[in-house]
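Q: Have a look at the structure that comes next, please.
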Amino acid sequence: STCEPLKVMISGAPASGKGTQCELIVQKFGLVHISTGDLLRAEVSAGSEIGNKAKEFMNAGQLVPDEIVTAMVTARLSHEDAKTKGWLLDGYPRSFAQAQSLENLKIRPDVYVVLDVPDEILIDRCVGRRLDPETGKIYHLTNFPPETEEIKARLVTRPDDTEEKVKSRLEIYKQNAKAILSTYSNITKKIDGNRPKEMVFADIESLLSQAKREKMKKTTAV
Ligand code: AP5
């Protein structure tokens, strides 16, 4: 179709469920998922120059310098697939400067989703989180245990998922959240993320379906 593809940003505190919801959004809407956390972790595993620079910041639960992350994201957004299928940006922008970089490039989403989860829940979600290095799937020891013993045996923990580091990540998130919100206040949709993941997704799904319909109307009206 001639309709412009959907552009979505998802934000929320550490472990608010961004990655979990992104898996479901991609299945349903076919958007290109761009997660700065995943991209950075891949650079670290590959031992690249970016990875070596980013590693110490990530392991300490601090933000990687803006210029490193911004270059990485803008390069990824300019790929053909993101232009034709639409994109789902997860974990960026994370500072006012990052939001301004996108504004300067006239890169703006249709919807800005914010997942809202109380602090005390976030700590437990991080400490119990496990990742499958083969499939990239996100698990939780009690909330979403692995399906088989084989998967269970290969699960890994993120080095920044200790209670102490989660607290520092949460502080940094709070320090930046308001300034970023001000950039997107007219398209912000806050969602209660402290519910079963299917219920959270049902809300996101109806939001994005509506945004899609509105875009189509605009295109056909021209
Ligand atoms: P990043 O990977 O983006 O980490 P984060 O924002 O802290 O988010 P998380 O990945 O921890 O959580 P999530 O919201 O995706 O939750 P998930 O779905 O996994 O960034 C990591 C680091 O990279 C940063 O600290 C920084 O150093 C660097 N970085 C990244 N972007 C950057 C940027 N733009 N600028 C500078 N630096 C940057 O869920 C969490 C757990 O909860 C899982 O175990 C899951 O199974 C469980 N769970 C999920 N949903 C539910 C539910 N509804 N009910 C119960 N449990 C649930």
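Within each chain, counting starts at residue 1; across the structure tokens, chains are named A, B, ... in the order shown, with ligands numbered 1 upward in that order.
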From a DSSP pass on the backbone, collect the residues of segment 38-159 of chain A flagged as strand (DSSP E or B) and hand them back as a short mmCIF file (atom, residue, chain, number, x, y, z; two decimals) with C-alpha atoms, in the first residue's frame.
A:
```
data_model
loop_
_atom_site.label_atom_id
_atom_site.label_comp_id
_atom_site.auth_asym_id
_atom_site.auth_seq_id
_atom_site.Cartn_x
_atom_site.Cartn_y
_atom_site.Cartn_z
CA TRP A 87 10.02 0.72 13.28
CA LEU A 88 9.72 0.06 16.98
CA LEU A 89 12.38 1.93 18.91
CA ASP A 90 13.08 0.42 22.35
CA VAL A 111 2.98 6.92 19.24
CA TYR A 112 5.12 7.15 22.39
CA VAL A 113 4.22 4.24 24.70
CA VAL A 114 5.23 4.46 28.37
CA LEU A 115 5.03 1.30 30.51
CA ASP A 116 4.21 2.19 34.10
CA ARG A 129 15.31 -12.23 34.70
CA ARG A 130 17.14 -14.79 32.55
CA LEU A 131 17.97 -14.66 28.84
CA ILE A 138 13.36 -13.22 27.80
CA TYR A 139 12.42 -15.39 30.79
CA HIS A 140 11.81 -14.88 34.50
CA PHE A 144 8.01 -16.99 32.99
CA VAL A 156 22.24 -16.45 31.33
#
```
Q: Please return as a PyMOL selection string: the residues of segment 73-220 of chain A that backbone DSSP assigns to alpha helix (DSSP H).
A: chain A and resi 73-77+80-85+96-104+119-127+149-154+163-184+197-220
Q: Identify, on the basis of only C-alpha atoms, every residue whose closest approach to segment 180-187 of chain A does not exceed 12 Å; exclude the query and any residue fewer than 4 positions from it along the same chain; express the result as number ranges by chain.
A: A: 7-12, 91-104, 107-114, 173-176, 207-208, 211
Q: How many Å lie between atom 2 (O, counted along the ligand's line) of ligand 1 and atom CA of Gln62 of chain A, rounded to one decimal?
A: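 Pair atom 2 (O, counted along the ligand's line) of ligand 1 / atom CA of Gln62 of chain A returns 11.4 Å.
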Q: Give the answer as one residue: which of A:Val64, A:Leu31, A:Ile50, A:Leu6 has the shortest atom-to-atom distance to ligand 1, using only C-alpha atoms and all ligand atoms?
A: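 Closest residue, counting only C-alpha atoms and all ligand atoms: A:Val64.
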Q: May I ask for the distance between atom 37 (N, counted along the ligand's line) of ligand 1 and atom CA of Pro133 of chain A, given in Å to one decimal place?
A: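 Computing the Euclidean distance for atom 37 (N, counted along the ligand's line) of ligand 1 and atom CA of Pro133 of chain A yields 20.8 Å.
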Q: How far is it from atom 2 (O, counted along the ligand's line) of ligand 1 to atom CA of Val200 of chain A, in Å with one decimal?
A: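 Computing the Euclidean distance for atom 2 (O, counted along the ligand's line) of ligand 1 and atom CA of Val200 of chain A yields 19.3 Å.
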Q: With only C-alpha atoms as the atoms that count, which of A:Leu40, A:Leu122, A:Val26, A:Leu105 lies nearest to Asn59 of chain A?
A: A:Leu40
Q: Which residue out of A:Lys28, A:Arg158, A:Thr142, A:Arg125 has the minimum interatomic distance to Ser206 of chain A when only C-alpha atoms are used?
A: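 Using only C-alpha atoms, the shortest distance to Ser206 of chain A belongs to A:Lys28.
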Q: Using only C-alpha atoms and all ligand atoms, pick whichever of A:Leu63, A:Val73, A:Ala42, A:Ala153 has the shortest atom-to-atom distance to ligand 1.
A: A:Leu63
Q: Could you give me, as a VMD selection string, the residues within 10 Å of Ala60 of chain A, counting only C-alpha atoms and dropping anything in the same chain fewer than 2 positions from it?
A: chain A and resid 55 to 58 62 to 63 159 to 160 164 to 166 168 to 169
